[in-house]
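Note: the block below is input11.cif and it holds mmCIF, C-alpha atoms.
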```
data_work
#
loop_
_atom_site.group_PDB
_atom_site.id
_atom_site.type_symbol
_atom_site.label_atom_id
_atom_site.label_comp_id
_atom_site.auth_asym_id
_atom_site.auth_seq_id
_atom_site.Cartn_x
_atom_site.Cartn_y
_atom_site.Cartn_z
ATOM 1 C CA MET G 1 101.744 137.000 96.504
ATOM 2 C CA LEU G 2 103.405 136.074 93.245
ATOM 3 C CA PHE G 3 101.331 134.337 90.584
ATOM 4 C CA LEU G 4 103.087 132.822 87.583
ATOM 5 C CA ALA G 5 101.370 131.228 84.606
ATOM 6 C CA ALA G 6 102.745 129.313 81.641
ATOM 7 C CA ALA G 7 100.731 127.481 78.999
ATOM 8 C CA CYS G 8 101.361 125.453 75.875
ATOM 9 C CA SER G 9 98.867 126.251 73.096
ATOM 10 C CA SER G 10 99.419 123.293 70.754
ATOM 11 C CA GLU G 11 96.425 120.938 70.377
ATOM 12 C CA ARG G 12 97.054 117.215 70.721
ATOM 13 C CA ARG G 13 94.760 114.189 70.796
ATOM 14 C CA ASN G 14 95.242 110.599 71.884
ATOM 15 C CA SER G 15 94.669 107.562 69.667
ATOM 16 C CA ASN G 16 90.974 107.575 70.620
ATOM 17 C CA GLY G 17 90.576 111.136 69.390
ATOM 18 C CA ASP G 18 90.207 112.639 72.878
ATOM 19 C CA LEU G 19 91.617 116.134 73.259
ATOM 20 C CA LEU G 20 94.652 116.193 75.537
ATOM 21 C CA PRO G 21 94.956 118.918 78.172
ATOM 22 C CA THR G 22 97.508 121.702 78.264
ATOM 23 C CA PHE G 23 98.263 123.394 81.562
ATOM 24 C CA GLU G 24 98.757 126.746 83.220
ATOM 25 C CA GLU G 25 100.929 126.495 86.317
ATOM 26 C CA TYR G 26 99.979 128.857 89.136
ATOM 27 C CA THR G 27 102.643 129.407 91.754
ATOM 28 C CA VAL G 28 102.442 131.272 95.035
ATOM 29 C CA SER G 29 105.875 131.577 96.590
ATOM 30 C CA SER G 30 106.877 132.454 100.156
ATOM 31 C CA VAL G 31 103.659 134.081 101.245
ATOM 32 C CA GLU G 32 104.404 135.512 104.670
ATOM 33 C CA ASP G 33 101.751 136.566 107.154
ATOM 34 C CA GLY G 34 103.197 136.891 110.600
ATOM 35 C CA SER G 35 105.262 133.751 111.052
ATOM 36 C CA CYS G 36 103.240 131.635 108.594
ATOM 37 C CA SER G 37 104.435 130.784 105.083
ATOM 38 C CA VAL G 38 102.386 129.275 102.276
ATOM 39 C CA ASN G 39 103.817 127.846 99.054
ATOM 40 C CA ILE G 40 101.583 126.464 96.319
ATOM 41 C CA ARG G 41 102.081 125.028 92.854
ATOM 42 C CA TYR G 42 98.726 124.288 91.232
ATOM 43 C CA GLN G 43 97.937 122.972 87.737
ATOM 44 C CA ARG G 44 94.994 124.436 85.850
ATOM 45 C CA ILE G 45 93.866 123.135 82.444
ATOM 46 C CA ALA G 46 94.351 125.893 79.859
ATOM 47 C CA ASN G 47 92.235 124.549 76.978
ATOM 48 C CA THR G 48 88.900 123.951 78.747
ATOM 49 C CA ASP G 49 87.097 126.133 76.173
ATOM 50 C CA SER G 50 87.775 123.414 73.590
ATOM 51 C CA SER G 51 86.334 120.495 75.574
ATOM 52 C CA ASP G 52 83.493 119.967 78.056
ATOM 53 C CA VAL G 53 85.377 116.900 79.315
ATOM 54 C CA LEU G 54 88.465 118.954 80.177
ATOM 55 C CA LYS G 55 86.266 121.633 81.732
ATOM 56 C CA ARG G 56 84.683 119.002 83.981
ATOM 57 C CA ILE G 57 88.072 117.601 85.023
ATOM 58 C CA ASP G 58 89.462 121.060 85.742
ATOM 59 C CA ALA G 59 86.457 121.928 87.910
ATOM 60 C CA MET G 60 86.771 118.717 89.927
ATOM 61 C CA ASN G 61 90.505 119.186 90.432
ATOM 62 C CA TYR G 62 89.935 122.736 91.684
ATOM 63 C CA ALA G 63 87.292 121.506 94.141
ATOM 64 C CA HIS G 64 89.481 118.624 95.381
ATOM 65 C CA THR G 65 92.613 120.750 95.653
ATOM 66 C CA PHE G 66 91.149 123.660 97.592
ATOM 67 C CA ASP G 67 88.364 121.757 99.349
ATOM 68 C CA GLU G 68 86.775 124.076 101.945
ATOM 69 C CA PHE G 69 88.416 127.081 100.267
ATOM 70 C CA ALA G 70 86.977 126.345 96.817
ATOM 71 C CA LEU G 71 84.613 128.989 95.440
ATOM 72 C CA TYR G 72 81.881 128.922 92.799
ATOM 73 C CA PRO G 73 82.558 130.167 90.214
ATOM 74 C CA ALA G 74 86.148 129.032 90.599
ATOM 75 C CA ASP G 75 88.663 131.659 91.678
ATOM 76 C CA VAL G 76 92.151 130.254 92.289
ATOM 77 C CA GLU G 77 93.656 133.493 93.542
ATOM 78 C CA GLU G 78 90.869 134.116 96.067
ATOM 79 C CA SER G 79 90.980 130.496 97.252
ATOM 80 C CA VAL G 80 94.692 130.904 97.942
ATOM 81 C CA ARG G 81 94.053 134.124 99.868
ATOM 82 C CA LEU G 82 91.456 132.377 102.009
ATOM 83 C CA LEU G 83 93.844 129.511 102.666
ATOM 84 C CA VAL G 84 96.637 131.902 103.676
ATOM 85 C CA ALA G 85 94.338 133.757 106.054
ATOM 86 C CA GLU G 86 93.223 130.488 107.639
ATOM 87 C CA TYR G 87 96.756 129.289 108.310
ATOM 88 C CA ALA G 88 97.925 132.678 109.520
ATOM 89 C CA THR G 89 95.247 132.824 112.226
ATOM 90 C CA ASN G 90 94.648 129.173 113.103
ATOM 91 C CA CYS G 91 97.969 127.335 112.836
ATOM 92 C CA ALA G 92 98.366 127.259 116.609
ATOM 93 C CA ASP G 93 95.352 125.417 118.031
ATOM 94 C CA GLY G 94 92.839 127.924 116.768
ATOM 95 C CA GLU G 95 94.605 130.920 118.263
ATOM 96 C CA GLU G 96 96.665 133.693 116.736
ATOM 97 C CA CYS G 97 99.701 132.055 115.160
ATOM 98 C CA ASP G 98 102.840 132.458 117.285
ATOM 99 C CA CYS G 99 104.696 129.285 116.269
ATOM 100 C CA LEU G 100 107.938 129.757 114.382
ATOM 101 C CA GLY G 101 107.961 128.012 111.036
ATOM 102 C CA CYS G 102 104.205 127.580 110.690
ATOM 103 C CA SER G 103 103.749 126.524 107.076
ATOM 104 C CA TYR G 104 101.555 125.060 104.364
ATOM 105 C CA SER G 105 102.990 123.641 101.147
ATOM 106 C CA LEU G 106 101.036 122.198 98.216
ATOM 107 C CA ASP G 107 102.897 120.900 95.174
ATOM 108 C CA GLN G 108 100.785 119.553 92.297
ATOM 109 C CA GLN G 109 101.980 117.747 89.176
ATOM 110 C CA VAL G 110 100.147 116.049 86.301
ATOM 111 C CA PHE G 111 100.790 112.847 84.368
ATOM 112 C CA LEU G 112 99.252 111.223 81.307
ATOM 113 C CA GLY G 113 99.219 107.441 81.161
ATOM 114 C CA ARG G 114 97.769 104.362 79.530
ATOM 115 C CA ASN G 115 98.288 105.563 75.958
ATOM 116 C CA ASP G 116 97.273 109.085 77.001
ATOM 117 C CA SER G 117 93.798 107.887 77.993
ATOM 118 C CA VAL G 118 94.194 108.700 81.704
ATOM 119 C CA LEU G 119 95.083 111.987 83.405
ATOM 120 C CA CYS G 120 96.462 111.746 86.953
ATOM 121 C CA TYR G 121 97.048 114.602 89.379
ATOM 122 C CA GLU G 122 99.671 114.114 92.080
ATOM 123 C CA THR G 123 99.284 116.530 94.993
ATOM 124 C CA CYS G 124 101.841 116.595 97.818
ATOM 125 C CA VAL G 125 100.757 118.523 100.922
ATOM 126 C CA GLU G 126 103.001 119.348 103.883
ATOM 127 C CA THR G 127 101.757 121.293 106.891
ATOM 128 C CA TYR G 128 103.167 122.434 110.209
ATOM 129 C CA SER G 129 101.166 124.300 112.826
ATOM 130 C CA GLY G 130 103.190 123.698 115.956
ATOM 131 C CA GLY G 131 103.805 120.591 118.018
ATOM 132 C CA ALA G 132 106.234 117.731 117.669
ATOM 133 C CA HIS G 133 105.761 117.195 113.947
ATOM 134 C CA GLY G 134 103.819 118.349 110.939
ATOM 135 C CA GLY G 135 101.533 116.527 108.559
ATOM 136 C CA ASP G 136 102.154 115.017 105.144
ATOM 137 C CA ALA G 137 99.826 113.705 102.452
ATOM 138 C CA LEU G 138 100.364 112.279 98.968
ATOM 139 C CA LEU G 139 97.128 112.394 96.994
ATOM 140 C CA TYR G 140 96.294 111.005 93.557
ATOM 141 C CA ASP G 141 93.204 111.694 91.472
ATOM 142 C CA CYS G 142 92.878 109.962 88.102
ATOM 143 C CA TYR G 143 90.431 110.888 85.341
ATOM 144 C CA ASP G 144 89.178 109.194 82.181
ATOM 145 C CA LEU G 145 89.935 111.556 79.290
ATOM 146 C CA ALA G 146 87.077 110.087 77.243
ATOM 147 C CA THR G 147 84.332 110.958 79.760
ATOM 148 C CA GLY G 148 85.916 113.284 82.326
ATOM 149 C CA GLY G 149 84.943 110.859 85.064
ATOM 150 C CA LEU G 150 86.993 110.479 88.242
ATOM 151 C CA TYR G 151 88.028 106.866 88.764
ATOM 152 C CA ASP G 152 86.509 105.289 91.873
ATOM 153 C CA PHE G 153 88.287 102.111 92.955
ATOM 154 C CA SER G 154 86.023 101.219 95.868
ATOM 155 C CA TYR G 155 84.390 98.522 93.712
ATOM 156 C CA LEU G 156 87.567 96.425 94.124
ATOM 157 C CA ILE G 157 86.395 95.370 97.591
ATOM 158 C CA ASP G 158 82.703 95.255 96.737
ATOM 159 C CA GLY G 159 82.157 92.183 94.591
ATOM 160 C CA GLU G 160 82.815 88.465 94.339
ATOM 161 C CA TRP G 161 86.515 89.298 93.925
ATOM 162 C CA ALA G 162 86.660 91.400 97.142
ATOM 163 C CA ALA G 163 88.142 88.773 99.480
ATOM 164 C CA ALA G 164 90.946 87.945 97.033
ATOM 165 C CA VAL G 165 91.792 91.620 96.470
ATOM 166 C CA GLN G 166 91.795 92.330 100.217
ATOM 167 C CA ALA G 167 94.096 89.362 100.841
ATOM 168 C CA LEU G 168 96.457 90.602 98.113
ATOM 169 C CA ILE G 169 96.592 94.120 99.595
ATOM 170 C CA TYR G 170 97.061 92.751 103.119
ATOM 171 C CA ASP G 171 100.006 90.597 102.034
ATOM 172 C CA ARG G 172 101.559 93.533 100.193
ATOM 173 C CA LEU G 173 101.170 95.834 103.197
ATOM 174 C CA ASN G 174 102.957 93.324 105.385
ATOM 175 C CA GLU G 175 105.779 93.135 102.854
ATOM 176 C CA VAL G 176 106.454 96.889 102.778
ATOM 177 C CA CYS G 177 105.590 97.934 106.335
ATOM 178 C CA ASP G 178 108.125 97.262 109.077
ATOM 179 C CA ASP G 179 105.816 98.579 111.804
ATOM 180 C CA VAL G 180 102.859 96.711 113.204
ATOM 181 C CA LEU G 181 99.868 97.281 110.969
ATOM 182 C CA PHE G 182 96.715 98.775 112.411
ATOM 183 C CA VAL G 183 94.713 96.447 110.143
ATOM 184 C CA ALA G 184 94.587 93.090 111.858
ATOM 185 C CA SER G 185 93.260 90.938 109.016
ATOM 186 C CA PRO G 186 92.522 90.969 105.283
ATOM 187 C CA GLU G 187 88.869 91.630 106.083
ATOM 188 C CA SER G 188 89.897 95.004 107.588
ATOM 189 C CA VAL G 189 91.660 96.179 104.427
ATOM 190 C CA TYR G 190 90.093 99.054 102.501
ATOM 191 C CA ILE G 191 90.881 100.980 99.333
ATOM 192 C CA PRO G 192 92.490 104.334 100.237
ATOM 193 C CA ARG G 193 91.259 107.666 98.902
ATOM 194 C CA SER G 194 94.596 108.079 97.061
ATOM 195 C CA VAL G 195 95.122 105.684 94.119
ATOM 196 C CA LYS G 196 97.297 106.216 91.047
ATOM 197 C CA ILE G 197 96.870 104.364 87.767
ATOM 198 C CA THR G 198 100.374 103.314 86.718
ATOM 199 C CA GLU G 199 101.535 101.687 83.501
ATOM 200 C CA ASN G 200 101.538 98.310 85.290
ATOM 201 C CA GLY G 201 98.508 98.509 87.555
ATOM 202 C CA LEU G 202 97.430 100.549 90.570
ATOM 203 C CA LEU G 203 99.474 102.294 93.262
ATOM 204 C CA LEU G 204 97.536 102.415 96.538
ATOM 205 C CA VAL G 205 98.727 105.184 98.870
ATOM 206 C CA TYR G 206 97.922 105.160 102.596
ATOM 207 C CA GLN G 207 98.606 108.360 104.521
ATOM 208 C CA PRO G 208 100.354 108.459 107.926
ATOM 209 C CA TYR G 209 98.219 106.873 110.675
ATOM 210 C CA GLU G 210 95.916 105.143 108.165
ATOM 211 C CA VAL G 211 97.338 101.629 108.392
ATOM 212 C CA ALA G 212 100.423 102.003 110.605
ATOM 213 C CA SER G 213 102.108 104.341 113.078
ATOM 214 C CA PHE G 214 103.130 107.870 112.122
ATOM 215 C CA ASP G 215 106.799 106.833 112.020
ATOM 216 C CA ALA G 216 106.009 104.489 109.124
ATOM 217 C CA GLY G 217 105.140 107.541 107.025
ATOM 218 C CA ILE G 218 103.225 107.311 103.771
ATOM 219 C CA ILE G 219 102.838 103.667 102.737
ATOM 220 C CA SER G 220 102.398 102.698 99.078
ATOM 221 C CA VAL G 221 101.696 99.292 97.569
ATOM 222 C CA GLU G 222 101.373 98.445 93.882
ATOM 223 C CA LEU G 223 98.995 95.859 92.467
ATOM 224 C CA THR G 224 99.582 94.821 88.870
ATOM 225 C CA ASP G 225 96.867 94.377 86.270
ATOM 226 C CA GLU G 226 97.723 90.683 86.128
ATOM 227 C CA GLU G 227 97.360 90.243 89.890
ATOM 228 C CA LEU G 228 93.986 91.967 89.947
ATOM 229 C CA LEU G 229 92.754 89.952 86.972
ATOM 230 C CA TYR G 230 93.821 86.775 88.774
ATOM 231 C CA CYS G 231 91.642 87.904 91.695
ATOM 232 C CA GLY G 232 88.754 88.209 89.243
ATOM 233 C CA ALA G 233 88.429 92.014 89.447
ATOM 234 C CA PRO G 234 87.469 93.938 86.283
ATOM 235 C CA LEU G 235 89.999 96.563 85.175
ATOM 236 C CA VAL G 236 87.915 99.611 84.281
ATOM 237 C CA TRP G 237 91.007 101.691 83.497
ATOM 238 C CA VAL G 238 92.143 99.200 80.844
ATOM 239 C CA ASP G 239 88.828 99.326 79.004
ATOM 240 C CA CYS G 240 89.394 103.025 78.269
ATOM 241 C CA GLU G 241 92.750 102.542 76.466
#
```

Show the structure stored in the file as structure tokens.
Amino acid sequence: MLFLAAACSSERRNSNGDLLPTFEEYTVSSVEDGSCSVNIRYQRIANTDSSDVLKRIDAMNYAHTFDEFALYPADVEESVRLLVAEYATNCADGEECDCLGCSYSLDQQVFLGRNDSVLCYETCVETYSGGAHGGDALLYDCYDLATGGLYDFSYLIDGEWAAAVQALIYDRLNEVCDDVLFVASPESVYIPRSVKITENGLLLVYQPYEVASFDAGIISVELTDEELLYCGAPLVWVDCE
């Protein structure tokens, strides 16, 4: 295993006075165990000692990124070792791995947005453990740099504005998806786990099989601030700017 780390030590703050994060990038390249390879690029906040908010965000990102392999206290290297062992022994239907090209790839990047008031993690995961095709996921987690809170967008379909927001998402899904949608009506629309705060609004990301066939791949639709305001939904990510 090869672990690389690079960090920027300069301290920066946004216009609200919130300390901005700097990052250490941990990379595990071409880990081979039998016929299984694991490649990971993971972003860890380097200046958590200077901010309880950044410490909270870093802890949540670790837990979300490594999920069942997360440890307490956090140990990135050991979590990676556990992940490698899991894929080496279970990538072929729970039996000893004998499939050529068995692999797990996790590539994580970070973005600041909305006048540096929001921190978003983008995590791309690709897996193959035998069979006709592998699995792909594009995951976003966005945090408020003032509080360290993880944005939860489920409220968009849980209020007097819900029907209008669901109709907007349903129309947008039909515009971008050539396949037949699994959701049959606006009332069936839900907010996906993966949502990115963009400079214009929200990017909703549905993974393969969530709203359409596997061939449709990952489906993304963007809703602007103006469209959501027209629906009557409050924009909690704008209030933090």

Task: Residues selected by the PyMOL selection byres ((chain G and resi 21) around 7), written as a PyMOL selection string - done: chain G and resi 19-20+22-23+45+47+54

Open item on the list: Please list as a count of residues only every residue within 9 Å of G:Phe66, counting all atoms listed in the file and excluding residues in the same chain fewer than 3 positions away.
Closed with: 10

- [ ] Kindly give the distance, in Å, that separates atom CA of G:Glu199 and atom CA of G:Arg56, rounded to a single decimal.
- [x]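 Atom CA of G:Arg56 lies 24.2 Å from atom CA of G:Glu199.
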
Open item on the list: Give me the residues near G:Lys196 as a list in words, where near means some atom within 9 Å (using only C-alpha atoms) and where sequence neighbours in that chain fewer than 4 positions away do not count.
Closed with: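 Everything that qualifies: Cys120, Tyr121, Glu122, Leu139, Tyr140, Asp141, Cys142, Gly201, Leu202, Leu203, Leu204 and Val205 of chain G.
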
- [ ] Would you mind reading off the distance between atom CA of G:Gln109 and atom CA of G:Cys177, one decimal, in Å?
- [x] 26.5 Å
